>>> print(open('target-v4.txt').read())   # compact mmCIF, C-alpha atoms and all ligand atoms
# COMPACT_ATOMS: atom_id res chain seq x y z
CA MET S 1 24.46 -1.95 -7.40
CA SER S 2 24.07 -0.22 -10.75
CA LYS S 3 22.18 2.95 -11.57
CA PHE S 4 19.12 2.14 -13.63
CA SER S 5 19.26 5.09 -16.01
CA ASP S 6 22.95 4.42 -16.83
CA TYR S 7 22.39 0.75 -17.59
CA ASN S 8 22.04 -0.49 -21.15
CA PHE S 9 19.57 -3.36 -21.14
CA LYS S 10 20.19 -4.44 -24.73
CA GLY S 11 20.36 -8.23 -24.84
CA HIS S 12 19.42 -8.55 -21.17
CA LYS S 13 16.42 -10.21 -19.56
CA ALA S 14 15.38 -7.96 -16.69
CA LEU S 15 13.43 -9.59 -13.87
CA ILE S 16 11.47 -6.73 -12.28
CA ARG S 17 9.73 -6.95 -8.89
CA VAL S 18 6.76 -4.62 -9.27
CA ASP S 19 3.89 -3.94 -6.87
CA PHE S 20 0.85 -4.73 -8.98
CA ASN S 21 -1.26 -5.26 -5.86
CA VAL S 22 -4.04 -3.13 -7.31
CA PRO S 23 -7.61 -2.89 -6.03
CA LEU S 24 -10.01 -5.11 -8.02
CA ASP S 25 -13.79 -5.03 -8.08
CA LYS S 26 -14.91 -7.97 -5.94
CA GLN S 27 -17.60 -9.09 -8.40
CA THR S 28 -16.12 -8.42 -11.83
CA LEU S 29 -12.42 -8.56 -10.86
CA ALA S 30 -11.91 -5.43 -13.00
CA ILE S 31 -9.09 -3.13 -11.88
CA THR S 32 -10.64 -0.20 -10.00
CA ASP S 33 -7.43 1.84 -9.76
CA ASP S 34 -4.36 1.30 -11.95
CA THR S 35 -2.00 3.83 -10.32
CA ARG S 36 0.51 1.13 -9.34
CA ILE S 37 0.54 -0.26 -12.88
CA ARG S 38 1.03 3.12 -14.52
CA ALA S 39 3.74 3.98 -12.00
CA ALA S 40 5.87 1.05 -13.19
CA VAL S 41 5.59 1.92 -16.89
CA PRO S 42 8.65 4.24 -17.22
CA THR S 43 10.93 1.51 -15.87
CA ILE S 44 9.48 -1.12 -18.20
CA LYS S 45 9.58 1.17 -21.23
CA LYS S 46 13.21 2.17 -20.74
CA ILE S 47 14.25 -1.51 -20.72
CA LEU S 48 12.20 -2.29 -23.82
CA ALA S 49 13.52 0.81 -25.61
CA ASP S 50 17.09 -0.33 -24.92
CA GLY S 51 16.27 -3.64 -26.63
CA GLY S 52 15.99 -5.70 -23.45
CA SER S 53 13.16 -8.02 -22.44
CA VAL S 54 11.09 -7.76 -19.28
CA ILE S 55 9.83 -10.38 -16.84
CA LEU S 56 7.40 -8.91 -14.32
CA MET S 57 6.73 -10.50 -10.94
CA SER S 58 4.33 -9.33 -8.24
CA HIS S 59 1.94 -10.40 -5.52
CA LEU S 60 -1.78 -9.62 -5.57
CA GLY S 61 -3.77 -9.61 -2.35
CA ARG S 62 -3.15 -12.02 0.47
CA PRO S 63 -4.01 -15.54 -0.79
CA LYS S 64 -4.25 -17.92 2.14
CA GLU S 65 -3.14 -21.20 0.66
CA GLY S 66 -2.03 -21.77 -2.91
CA PRO S 67 -3.65 -20.50 -6.10
CA GLU S 68 -7.03 -18.72 -6.01
CA ASP S 69 -8.61 -17.35 -9.17
CA LYS S 70 -9.58 -14.02 -7.59
CA TYR S 71 -5.89 -13.35 -6.86
CA SER S 72 -4.58 -14.40 -10.28
CA LEU S 73 -2.44 -11.85 -12.08
CA LYS S 74 -4.00 -13.02 -15.34
CA HIS S 75 -6.74 -10.46 -14.59
CA LEU S 76 -4.16 -7.72 -15.23
CA VAL S 77 -2.83 -8.90 -18.59
CA GLN S 78 -5.26 -7.08 -20.85
CA HIS S 79 -5.01 -3.79 -19.01
CA LEU S 80 -1.23 -3.97 -18.85
CA THR S 81 -1.13 -4.66 -22.58
CA GLU S 82 -3.17 -1.51 -23.20
CA VAL S 83 -1.14 0.66 -20.82
CA LEU S 84 2.19 -0.50 -22.30
CA GLY S 85 0.95 -0.55 -25.88
CA THR S 86 2.65 -3.89 -26.43
CA PRO S 87 1.42 -7.48 -25.97
CA VAL S 88 2.04 -9.01 -22.55
CA LEU S 89 2.64 -12.75 -22.31
CA PHE S 90 1.55 -14.63 -19.20
CA ALA S 91 3.00 -17.65 -17.36
CA ASP S 92 0.46 -19.29 -15.10
CA ASP S 93 3.11 -20.13 -12.51
CA CYS S 94 5.96 -17.95 -11.29
CA ILE S 95 8.48 -20.82 -11.26
CA GLY S 96 8.60 -24.21 -13.02
CA GLN S 97 9.01 -25.33 -16.60
CA GLN S 98 6.48 -23.04 -18.25
CA ALA S 99 7.88 -19.89 -16.65
CA THR S 100 11.42 -21.00 -17.47
CA ASP S 101 10.58 -21.75 -21.11
CA LYS S 102 8.60 -18.56 -21.64
CA ALA S 103 11.32 -16.43 -20.04
CA ALA S 104 14.02 -18.16 -22.10
CA ALA S 105 12.11 -17.58 -25.33
CA LEU S 106 11.64 -13.83 -24.76
CA LYS S 107 13.18 -11.60 -27.41
CA GLY S 108 14.23 -7.97 -27.00
CA GLY S 109 11.16 -5.72 -26.62
CA GLU S 110 8.94 -8.51 -25.21
CA VAL S 111 7.17 -8.62 -21.84
CA LEU S 112 6.21 -11.62 -19.69
CA LEU S 113 4.06 -11.40 -16.55
CA LEU S 114 4.40 -14.21 -13.98
CA GLU S 115 1.57 -15.58 -11.85
CA ASN S 116 1.11 -14.33 -8.26
CA LEU S 117 4.24 -14.95 -6.18
CA ARG S 118 2.15 -15.46 -3.03
CA PHE S 119 0.63 -18.64 -4.44
CA TYR S 120 3.80 -20.07 -2.86
CA LYS S 121 4.14 -19.74 0.90
CA GLN S 122 7.91 -19.63 0.32
CA GLU S 123 7.53 -16.06 -0.99
CA GLU S 124 6.49 -14.51 2.33
CA LYS S 125 8.82 -16.81 4.25
CA GLY S 126 11.76 -15.45 2.29
CA ASP S 127 12.74 -18.95 1.22
CA GLU S 128 16.21 -19.03 -0.37
CA ALA S 129 15.61 -21.93 -2.74
CA PHE S 130 12.45 -20.26 -4.06
CA ALA S 131 14.29 -16.95 -4.49
CA GLU S 132 17.06 -18.74 -6.36
CA LYS S 133 14.55 -20.33 -8.74
CA LEU S 134 13.06 -16.93 -9.49
CA SER S 135 16.51 -15.46 -10.05
CA LYS S 136 17.22 -17.94 -12.84
CA LEU S 137 14.53 -16.29 -14.98
CA GLY S 138 16.45 -13.05 -15.62
CA ASP S 139 20.09 -11.99 -15.67
CA VAL S 140 19.37 -8.53 -14.21
CA TYR S 141 17.24 -7.85 -11.12
CA VAL S 142 15.33 -4.58 -10.82
CA ASN S 143 13.32 -3.76 -7.72
CA ASP S 144 10.61 -1.21 -8.49
CA ALA S 145 8.11 -2.35 -5.84
CA PHE S 146 8.18 0.53 -3.37
CA GLY S 147 4.75 -0.48 -2.01
CA THR S 148 6.21 -3.83 -0.90
CA ALA S 149 9.69 -2.65 0.09
CA HIS S 150 8.84 -3.12 3.79
CA ARG S 151 8.46 -6.86 3.28
CA ALA S 152 11.54 -9.10 3.61
CA HIS S 153 10.19 -11.62 1.13
CA ALA S 154 11.89 -13.90 -1.39
CA SER S 155 11.24 -11.64 -4.40
CA THR S 156 11.77 -8.29 -2.65
CA ALA S 157 14.89 -8.99 -0.62
CA VAL S 158 16.37 -12.52 -0.59
CA ILE S 159 16.62 -12.76 -4.39
CA ALA S 160 19.18 -9.94 -4.55
CA ARG S 161 21.81 -12.34 -3.14
CA PHE S 162 21.79 -14.24 -6.40
CA TYR S 163 22.92 -11.32 -8.54
CA PRO S 164 26.33 -9.67 -8.75
CA ALA S 165 26.37 -6.02 -7.67
CA GLU S 166 26.45 -4.69 -11.25
CA ASN S 167 23.30 -6.61 -12.20
CA LYS S 168 20.92 -5.42 -9.48
CA MET S 169 19.35 -2.01 -9.13
CA PHE S 170 16.30 0.04 -8.19
CA GLY S 171 13.80 1.01 -10.87
CA LEU S 172 12.73 4.57 -11.62
CA LEU S 173 9.63 4.39 -9.39
CA MET S 174 11.62 3.20 -6.39
CA GLU S 175 14.14 6.02 -6.91
CA ALA S 176 11.40 8.65 -7.18
CA GLU S 177 9.48 7.37 -4.15
CA VAL S 178 12.56 7.28 -1.95
CA SER S 179 13.63 10.78 -2.90
CA SER S 180 10.12 12.17 -2.19
CA ALA S 181 9.92 10.37 1.15
CA GLU S 182 13.38 11.74 2.05
CA LYS S 183 12.19 15.27 1.31
CA VAL S 184 9.29 14.92 3.73
CA LEU S 185 11.41 13.22 6.34
CA HIS S 186 13.82 16.13 6.47
CA GLN S 187 11.58 19.09 5.73
CA SER S 188 8.40 18.41 7.67
CA GLN S 189 6.98 21.51 9.26
CA LYS S 190 4.80 21.31 12.37
CA PRO S 191 1.96 20.82 13.18
CA PHE S 192 2.48 17.39 11.59
CA THR S 193 -0.71 15.34 11.38
CA ALA S 194 -0.68 11.64 10.54
CA ILE S 195 -4.01 10.20 9.41
CA ILE S 196 -4.19 6.43 9.74
CA GLY S 197 -7.12 4.26 8.74
CA GLY S 198 -7.83 1.22 6.59
CA ALA S 199 -8.06 -2.41 7.51
CA LYS S 200 -4.50 -3.65 8.11
CA VAL S 201 -4.84 -3.11 11.85
CA SER S 202 -2.23 -5.49 13.24
CA ASP S 203 0.42 -4.27 10.75
CA LYS S 204 -0.09 -0.59 11.18
CA ILE S 205 -0.87 -0.27 14.88
CA LEU S 206 2.80 -1.05 15.57
CA ILE S 207 3.91 1.70 13.21
CA ILE S 208 1.82 4.32 14.97
CA GLU S 209 4.12 4.11 17.97
CA ASN S 210 7.03 5.35 15.88
CA LEU S 211 4.95 8.19 14.49
CA LEU S 212 4.80 9.55 18.05
CA GLU S 213 8.38 10.78 17.53
CA ARG S 214 7.40 12.89 14.55
CA ALA S 215 3.72 13.79 14.63
CA THR S 216 1.96 16.41 16.73
CA ASP S 217 -1.48 14.90 16.01
CA ILE S 218 -2.52 11.41 14.97
CA ILE S 219 -5.99 10.86 13.55
CA ILE S 220 -7.14 7.26 13.71
CA GLY S 221 -10.14 6.31 11.58
CA GLY S 222 -11.34 3.47 9.37
CA GLY S 223 -11.19 -0.08 10.66
CA MET S 224 -8.19 0.91 12.79
CA ALA S 225 -10.30 2.96 15.23
CA TYR S 226 -12.34 0.16 16.80
CA THR S 227 -9.43 -1.71 18.38
CA PHE S 228 -8.71 1.54 20.25
CA MET S 229 -12.37 1.98 21.18
CA LYS S 230 -12.59 -1.53 22.58
CA ALA S 231 -9.26 -1.15 24.39
CA GLN S 232 -10.79 1.78 26.24
CA GLY S 233 -13.82 -0.25 27.27
CA GLY S 234 -16.12 0.79 24.42
CA LYS S 235 -18.78 -1.46 22.82
CA ILE S 236 -17.95 -1.97 19.14
CA GLY S 237 -20.45 -4.65 18.05
CA ASN S 238 -19.08 -6.56 15.04
CA SER S 239 -16.64 -3.84 13.97
CA LEU S 240 -13.16 -4.81 12.77
CA CYS S 241 -10.96 -5.48 15.80
CA GLU S 242 -7.63 -7.15 16.56
CA ASP S 243 -8.17 -8.55 20.03
CA ASP S 244 -4.50 -9.38 20.48
CA ARG S 245 -3.61 -5.72 19.95
CA LEU S 246 -5.84 -4.24 22.68
CA GLU S 247 -2.96 -3.89 25.09
CA THR S 248 -0.76 -2.34 22.38
CA ALA S 249 -3.53 0.20 21.71
CA ASN S 250 -3.78 1.17 25.37
CA GLU S 251 -0.02 1.48 25.76
CA LEU S 252 0.11 3.64 22.67
CA LEU S 253 -2.52 6.00 24.05
CA LYS S 254 -0.51 6.30 27.27
CA LYS S 255 2.76 6.94 25.44
CA ALA S 256 1.12 9.58 23.27
CA ASP S 257 -0.20 11.30 26.36
CA ALA S 258 3.24 11.31 27.95
CA LYS S 259 4.79 12.78 24.80
CA GLY S 260 2.08 15.40 24.34
CA VAL S 261 0.92 13.93 21.00
CA CYS S 262 -2.85 14.23 20.51
CA ILE S 263 -4.56 11.06 19.32
CA HIS S 264 -7.93 11.74 17.73
CA LEU S 265 -10.43 8.88 17.61
CA PRO S 266 -13.77 9.27 15.79
CA VAL S 267 -16.49 10.27 18.25
CA ASP S 268 -19.20 8.79 16.04
CA SER S 269 -19.50 6.22 13.27
CA ILE S 270 -21.81 5.23 10.44
CA ILE S 271 -22.84 1.73 11.34
CA ALA S 272 -24.27 -1.12 9.26
CA ASP S 273 -26.06 -4.36 10.05
CA LYS S 274 -23.83 -6.28 7.60
CA PHE S 275 -20.73 -5.77 5.48
CA ASP S 276 -22.66 -5.03 2.31
CA ALA S 277 -23.35 -2.09 0.01
CA ALA S 278 -27.09 -2.63 0.56
CA ALA S 279 -26.87 -2.95 4.37
CA ASN S 280 -29.17 -0.97 6.65
CA SER S 281 -27.20 1.93 8.09
CA SER S 282 -27.45 4.36 10.96
CA SER S 283 -25.11 6.40 13.13
CA ALA S 284 -23.88 5.75 16.67
CA PRO S 285 -21.17 6.82 19.10
CA SER S 286 -18.05 4.86 18.07
CA ASP S 287 -17.78 3.44 21.60
CA ASN S 288 -21.42 2.34 21.80
CA ILE S 289 -22.18 0.31 18.68
CA PRO S 290 -25.10 -2.10 19.15
CA ASP S 291 -24.54 -5.85 19.00
CA GLY S 292 -24.84 -7.17 15.46
CA TRP S 293 -23.82 -3.81 13.92
CA MET S 294 -20.41 -2.64 12.72
CA GLY S 295 -18.72 0.71 12.13
CA LEU S 296 -18.04 1.11 8.41
CA ASP S 297 -17.35 4.86 8.22
CA ILE S 298 -16.65 7.82 10.47
CA GLY S 299 -19.71 9.87 11.42
CA ALA S 300 -20.61 13.55 10.90
CA MET S 301 -19.19 14.71 14.23
CA ALA S 302 -15.95 12.84 13.59
CA ILE S 303 -15.67 14.54 10.21
CA ASP S 304 -15.86 17.97 11.92
CA GLN S 305 -13.48 16.84 14.63
CA PHE S 306 -10.87 15.57 12.12
CA THR S 307 -11.34 18.49 9.70
CA ASN S 308 -10.47 20.96 12.45
CA VAL S 309 -7.19 19.16 13.13
CA ILE S 310 -6.31 18.89 9.43
CA LYS S 311 -7.06 22.58 8.85
CA LYS S 312 -4.29 23.73 11.19
CA SER S 313 -1.66 21.24 9.93
CA LYS S 314 1.45 22.17 7.96
CA THR S 315 2.45 18.59 7.11
CA ILE S 316 -0.05 15.79 6.50
CA LEU S 317 0.74 12.12 6.03
CA TRP S 318 -2.30 10.01 5.14
CA ASN S 319 -2.55 6.24 4.84
CA GLY S 320 -5.75 4.24 5.08
CA PRO S 321 -9.31 5.21 4.13
CA MET S 322 -11.70 6.42 6.85
CA GLY S 323 -14.34 3.88 5.87
CA VAL S 324 -15.38 1.29 3.31
CA PHE S 325 -15.24 3.86 0.51
CA GLU S 326 -15.79 1.16 -2.12
CA MET S 327 -19.47 1.18 -1.02
CA GLU S 328 -21.35 4.40 -1.70
CA LYS S 329 -23.09 4.43 1.68
CA PHE S 330 -19.77 4.39 3.53
CA GLN S 331 -17.62 6.70 1.43
CA HIS S 332 -18.64 10.03 2.92
CA GLY S 333 -15.97 10.12 5.65
CA THR S 334 -13.08 9.38 3.29
CA LYS S 335 -14.37 11.95 0.81
CA ALA S 336 -14.70 14.61 3.52
CA ILE S 337 -11.19 13.95 4.80
CA ALA S 338 -9.84 14.13 1.23
CA THR S 339 -11.61 17.50 0.90
CA ALA S 340 -10.04 18.72 4.14
CA VAL S 341 -6.56 17.55 3.10
CA ALA S 342 -6.96 19.29 -0.27
CA ALA S 343 -8.05 22.53 1.44
CA ALA S 344 -5.10 22.42 3.86
CA THR S 345 -2.78 21.84 0.90
CA GLU S 346 -4.22 24.83 -0.92
CA ALA S 347 -3.60 26.87 2.24
CA GLY S 348 0.10 25.90 2.16
CA ALA S 349 0.45 22.53 3.90
CA PHE S 350 2.49 19.69 2.38
CA SER S 351 0.34 16.59 2.02
CA LEU S 352 1.47 13.09 1.21
CA VAL S 353 -1.13 10.36 0.56
CA GLY S 354 0.01 6.75 0.16
CA GLY S 355 -1.30 3.20 -0.08
CA GLY S 356 -3.10 1.18 -2.74
CA ASP S 357 -6.61 1.87 -1.48
CA SER S 358 -5.97 5.39 -0.17
CA VAL S 359 -4.70 6.45 -3.58
CA ALA S 360 -7.68 4.73 -5.23
CA ALA S 361 -9.99 6.77 -2.97
CA VAL S 362 -8.24 10.07 -3.69
CA ASN S 363 -8.40 9.31 -7.43
CA GLN S 364 -12.06 8.29 -7.23
CA PHE S 365 -13.01 11.56 -5.54
CA GLY S 366 -10.94 13.66 -7.96
CA TYR S 367 -8.35 14.98 -5.47
CA THR S 368 -5.17 13.55 -6.99
CA ASP S 369 -3.94 16.94 -8.22
CA LYS S 370 -4.98 18.69 -5.02
CA VAL S 371 -2.54 16.92 -2.71
CA SER S 372 1.21 17.51 -2.78
CA TYR S 373 2.39 13.96 -3.44
CA VAL S 374 0.74 10.62 -4.08
CA SER S 375 2.80 7.56 -3.16
CA THR S 376 2.27 3.97 -4.27
CA GLY S 377 3.36 2.88 -0.79
CA GLY S 378 1.17 2.76 2.32
CA GLY S 379 2.74 0.53 4.96
CA ALA S 380 6.10 0.95 3.17
CA LEU S 381 5.87 4.72 3.43
CA LEU S 382 4.93 4.58 7.11
CA GLU S 383 7.84 2.27 7.85
CA TYR S 384 10.17 4.53 5.87
CA PHE S 385 9.11 7.35 8.18
CA GLU S 386 10.17 5.27 11.15
CA GLY S 387 13.69 5.88 9.88
CA LYS S 388 14.22 2.21 9.03
CA VAL S 389 16.12 1.01 5.98
CA LEU S 390 13.40 -1.05 4.32
CA PRO S 391 14.39 -4.68 3.52
CA GLY S 392 13.70 -4.19 -0.21
CA ILE S 393 16.09 -1.25 -0.24
CA ALA S 394 18.74 -2.77 2.03
CA ALA S 395 18.96 -5.93 -0.10
CA ILE S 396 20.19 -3.96 -3.09
CA SER S 397 22.08 -1.09 -1.55
CA GLU S 398 24.00 -2.98 1.15
CA LYS S 399 26.79 -5.34 0.23
N1 LIG U 1 -14.42 0.57 9.29
C1 LIG U 1 -13.92 -0.29 8.40
N2 LIG U 1 -14.21 -1.61 8.49
C2 LIG U 1 -13.72 -2.51 7.59
N3 LIG U 1 -12.90 -2.15 6.57
C3 LIG U 1 -12.57 -0.87 6.45
C4 LIG U 1 -13.06 0.14 7.35
N4 LIG U 1 -12.57 1.34 6.97
C5 LIG U 1 -11.82 1.11 5.88
N5 LIG U 1 -11.81 -0.20 5.55
C6 LIG U 1 -11.14 -0.85 4.38
O1 LIG U 1 -9.75 -0.69 4.45
C7 LIG U 1 -9.23 -1.02 3.18
C8 LIG U 1 -7.93 -0.31 2.95
O2 LIG U 1 -7.01 -0.58 3.99
P1 LIG U 1 -5.44 -0.59 3.79
O3 LIG U 1 -5.03 -1.71 2.89
O4 LIG U 1 -4.84 -0.55 5.15
O5 LIG U 1 -5.16 0.82 3.05
P2 LIG U 1 -4.08 1.20 1.94
O6 LIG U 1 -4.23 0.19 0.82
O7 LIG U 1 -4.42 2.58 1.53
O8 LIG U 1 -2.75 1.09 2.61
C9 LIG U 1 -10.31 -0.61 2.19
O9 LIG U 1 -10.59 -1.71 1.35
C10 LIG U 1 -11.51 -0.22 3.06
O10 LIG U 1 -12.74 -0.74 2.60
O1 LIG U 2 -0.87 -2.89 -0.76
C1 LIG U 2 0.20 -2.87 -0.16
O2 LIG U 2 0.41 -2.14 0.94
P1 LIG U 2 -0.59 -0.99 1.50
O3 LIG U 2 -1.94 -1.61 1.78
O4 LIG U 2 0.09 -0.51 2.74
O5 LIG U 2 -0.68 0.09 0.45
C2 LIG U 2 1.42 -3.62 -0.67
O6 LIG U 2 1.17 -4.24 -1.91
C3 LIG U 2 1.90 -4.64 0.36
O7 LIG U 2 0.91 -5.64 0.55
P2 LIG U 2 0.90 -6.49 1.92
O8 LIG U 2 0.53 -5.53 3.06
O9 LIG U 2 -0.13 -7.57 1.72
O10 LIG U 2 2.29 -7.05 2.12
>>> encode(input="target-v4.txt", output="C-alpha cells", more="lines below")
Ligand SMILES: Nc1ncnc2c1ncn2[C@@H]1O[C@H](COP(=O)(O)OP(=O)(O)O)[C@@H](O)[C@H]1O
Ligand SMILES: O=C(OP(=O)(O)O)[C@H](O)COP(=O)(O)O
Amino acid sequence: MSKFSDYNFKGHKALIRVDFNVPLDKQTLAITDDTRIRAAVPTIKKILADGGSVILMSHLGRPKEGPEDKYSLKHLVQHLTEVLGTPVLFADDCIGQQATDKAAALKGGEVLLLENLRFYKQEEKGDEAFAEKLSKLGDVYVNDAFGTAHRAHASTAVIARFYPAENKMFGLLMEAEVSSAEKVLHQSQKPFTAIIGGAKVSDKILIIENLLERATDIIIGGGMAYTFMKAQGGKIGNSLCEDDRLETANELLKKADAKGVCIHLPVDSIIADKFDAAANSSSAPSDNIPDGWMGLDIGAMAIDQFTNVIKKSKTILWNGPMGVFEMEKFQHGTKAIATAVAAATEAGAFSLVGGGDSVAAVNQFGYTDKVSYVSTGGGALLEYFEGKVLPGIAAISEK
C-alpha cells in the first residue's frame, strides 16, 4: 500500500470509499448532521489540489431491495458542492454505462458522486464481479470510510484485490481515526465505562461481550436496553426488541457477573403510545411497560443512575443515543448523558463518542468541544476495541 500524503494524484482518477451515511430528516430528507461529509473533505481536497479527479462511493442507510428515493445519494449533492466549494457531478447508478462514461470524462480537479452502493445486494455480499466493476472506475483506490471499516463488503474490502499495492491506500480520515483509537486502546485508565445505546441491537449486542475484557462498567440504554429487560422476564410492551438475542443477553449478564463487570440497565423509561413526535408519553419502570406502549427514552431515575457511574469514570466510550433524540419529547436522556460525559471530561476523564447518530446528538446539544474525541465510527469503533483488524483495514494493509 502507498501512503496517502506522499502520493501525487496528478493525472489519476481516485476512487474513494467514503462513509456518507449521514442522518437525514425523515420528512424533508435534509442532512441533519454533516460530520461524516466534512470529515472526508481533507482527503478529497488533497487529491484535487494535486490535479487528480475524485470519484466518491458510499452507502446511505439500509435499503431493503434495490433503489429507494429516500436512500438516494442525490440528496447530498448540493450540500457536498457547498462544503467542497466545487461542483459535484452525480451518476444515478454506481456501475453501468453512465457511471463509466462520467468517470472517464472527469478532468483533474473534478468530483463525481456515485449512487448508493447498497442499491445492489452484491455490495453487502462482497460480490467479486461487482467489486471488479467498481474498480474499473478509478486507477487508484482510497479507503476513507472508517465508519464502515467493520463491514467486509465489495467496496470496503473485496475491491482492494483489483489494485496493485502502490495504487491502494487509506485516506487521511482513516489514518486519523485509527491513530486515535489506538491511543485509547493502549492508554485507557480505569474505571472504564462503555455506554451503549441506539437501535442496531443485533449488531452491537455481540460486541458488548468483548467489552467485558476492557470495561469496568457497561451502561446499556436506548433501544438496546429492552432486549435485556425482556430476557430477564420484564414486560416491555412494543419496545424495540431482538427476540433471537434474548439468550445472548442473558448469557452476557452472567458473564459480566462472573468477571465483576457491572452492567447498568435503565430502571425507568419514558414511554410512548406510538413511535411519533406527537405521541402521548408517560414514564414507567423499564421492566413493566404496558401493552401498546414503548420505551423511547431513559427515565429520570435512570439518568441519575447512569450519571453516578459516568461521574467516577476515567475513560468513557459512548456509542448509541439513550433515546429517540430526533424527537424533542424523547431527547432528554441523551442530553443528560452528554452533560454527564462532558462534566466527567472536564474533571479529567478521556471521553470518546462515536457513531453517525451519537455524533449528531452531541453536536445538536452543543457538546462537541466538551468531549475528548469525536469519531465518525460507531460499530466500527466498537469492533476496533475488540482488538480485531477490521476488514476495511486488512484489505489494504495485508498482502
Ligand atoms: N428506545 C429506542 N427505541 C427506538 N429507537 C431508538 C431508541 N433509542 C434510540 N433509538 C434510535 O437509535 C438510533 C441510533 O442508533 P445507532 O445507529 O445504533 O447509533 P449510532 O449511529 O450512533 O451508531 C437513533 O436514530 C435513535 O432514534
Ligand atoms: O452508520 C454506520 O455505523 P454506526 O451506526 O455504527 O455509526 C455506518 O455507516 C455503517 O452502517 P451499517 O451499520 O448499516 O453497515
>>> closest_residue(input="target-v4.txt", among="S:Phe146, S:Tyr120, S:Tyr163, S:Phe9", to="ligand LIG 2 (chain U)", atoms="all atoms listed in the file")
S:Phe146
>>> atom_distance(input="target-v4.txt", atom1="CA of Lys183 in chain S", atom2="CA of Gly221 in chain S")
26.2 Å
>>> atom_distance(input="target-v4.txt", atom1="atom C2 of ligand LIG 2 (chain U)", atom2="CA of Glu177 in chain S")
14.1 Å
>>> atom_distance(input="target-v4.txt", atom1="CA of Tyr226 in chain S", atom2="CA of Gly295 in chain S")
7.9 Å
>>> residues_near_ligand(input="target-v4.txt", ligand="ligand LIG 2 (chain U)", cutoff="10 Å", atoms="only C-alpha atoms and all ligand atoms", output="number ranges by chain")
S: 18-23, 36, 58-63, 118, 124, 145-153, 198-200, 203-204, 319-320, 354-359, 375-383
>>> closest_residue(input="target-v4.txt", among="S:Leu173, S:Ala14, S:Leu73, S:Ala154", to="Val111 in chain S", atoms="all atoms listed in the file")
S:Ala14
>>> axis_aligned_box(input="target-v4.txt", around="range 69-73 of chain S", padding_each_side="3 Å", output="AutoDock Vina command-line options")
--center_x -6.0 --center_y -14.6 --center_z -9.5 --size_x 13.1 --size_y 11.5 --size_z 11.2
>>> closest_residue(input="target-v4.txt", among="S:Ala300, S:Lys168, S:Ile44, S:Asp33", to="ligand LIG 1 (chain U)", atoms="all atoms listed in the file")
S:Asp33
>>> residues_around(input="target-v4.txt", residues="Lys70 in chain S", least_positions_apart="4", cutoff="10 Å", atoms="only C-alpha atoms", output="PyMOL selection string")
chain S and resi 24-29+60-61+63+74-75
>>> residues_near_point(input="target-v4.txt", point="(-2.1, -3.3, 24.6)", cutoff="12 Å", atoms="only C-alpha atoms", output="list in words")
Ser202, Ile205, Leu206, Glu209, Thr227, Phe228, Lys230, Ala231, Gln232, Glu242, Asp243, Asp244, Arg245, Leu246, Glu247, Thr248, Ala249, Asn250, Glu251, Leu252, Leu253, Lys254 and Lys255 of chain S
>>> residues_near_point(input="target-v4.txt", point="(-12.1, 3.7, 5.1)", cutoff="9 Å", atoms="all atoms listed in the file", output="ChimeraX atom specification")
/S:197-199,221-223,296-298,320-326,330-331,333-334,357-358,361
>>> closest_residue(input="target-v4.txt", among="S:Leu240, S:Met169, S:Ile393, S:Val341", to="ligand LIG 1 (chain U)", atoms="all atoms listed in the file")
S:Leu240
>>> residues_around(input="target-v4.txt", residues="Ala277 in chain S", least_positions_apart="6", cutoff="8 Å", atoms="only C-alpha atoms", output="list in words")
Met327, Glu328 and Lys329 of chain S
>>> build_atoms(input="target-v4.txt", residues="range 318-329 of chain S", atoms="N, CA and C atoms", output="PDB file, in the coordinates of the input")
ATOM      1  N   TRP S 318      -1.036  10.752   5.074  1.00  0.00           N
ATOM      2  CA  TRP S 318      -2.300  10.010   5.140  1.00  0.00           C
ATOM      3  C   TRP S 318      -2.167   8.617   4.547  1.00  0.00           C
ATOM      4  N   ASN S 319      -2.439   7.614   5.348  1.00  0.00           N
ATOM      5  CA  ASN S 319      -2.550   6.240   4.840  1.00  0.00           C
ATOM      6  C   ASN S 319      -3.748   5.544   5.466  1.00  0.00           C
ATOM      7  N   GLY S 320      -4.609   5.046   4.625  1.00  0.00           N
ATOM      8  CA  GLY S 320      -5.750   4.240   5.080  1.00  0.00           C
ATOM      9  C   GLY S 320      -7.044   5.025   5.042  1.00  0.00           C
ATOM     10  N   PRO S 321      -8.008   4.526   4.238  1.00  0.00           N
ATOM     11  CA  PRO S 321      -9.310   5.210   4.130  1.00  0.00           C
ATOM     12  C   PRO S 321     -10.057   5.249   5.470  1.00  0.00           C
ATOM     13  N   MET S 322     -10.942   6.231   5.597  1.00  0.00           N
ATOM     14  CA  MET S 322     -11.700   6.420   6.850  1.00  0.00           C
ATOM     15  C   MET S 322     -12.884   5.464   6.959  1.00  0.00           C
ATOM     16  N   GLY S 323     -13.221   4.815   5.857  1.00  0.00           N
ATOM     17  CA  GLY S 323     -14.340   3.880   5.870  1.00  0.00           C
ATOM     18  C   GLY S 323     -14.283   3.000   4.637  1.00  0.00           C
ATOM     19  N   VAL S 324     -15.317   2.202   4.462  1.00  0.00           N
ATOM     20  CA  VAL S 324     -15.380   1.290   3.310  1.00  0.00           C
ATOM     21  C   VAL S 324     -15.840   2.115   2.107  1.00  0.00           C
ATOM     22  N   PHE S 325     -14.906   2.886   1.559  1.00  0.00           N
ATOM     23  CA  PHE S 325     -15.240   3.860   0.510  1.00  0.00           C
ATOM     24  C   PHE S 325     -15.669   3.197  -0.790  1.00  0.00           C
ATOM     25  N   GLU S 326     -15.386   1.875  -0.907  1.00  0.00           N
ATOM     26  CA  GLU S 326     -15.790   1.160  -2.120  1.00  0.00           C
ATOM     27  C   GLU S 326     -17.317   1.056  -2.187  1.00  0.00           C
ATOM     28  N   MET S 327     -18.002   1.234  -1.041  1.00  0.00           N
ATOM     29  CA  MET S 327     -19.470   1.180  -1.020  1.00  0.00           C
ATOM     30  C   MET S 327     -19.984   2.599  -0.812  1.00  0.00           C
ATOM     31  N   GLU S 328     -20.904   3.006  -1.681  1.00  0.00           N
ATOM     32  CA  GLU S 328     -21.350   4.400  -1.700  1.00  0.00           C
ATOM     33  C   GLU S 328     -21.814   4.900  -0.323  1.00  0.00           C
ATOM     34  N   LYS S 329     -22.524   4.036   0.380  1.00  0.00           N
ATOM     35  CA  LYS S 329     -23.090   4.430   1.680  1.00  0.00           C
ATOM     36  C   LYS S 329     -22.015   4.770   2.716  1.00  0.00           C
TER      37      LYS S 329
END
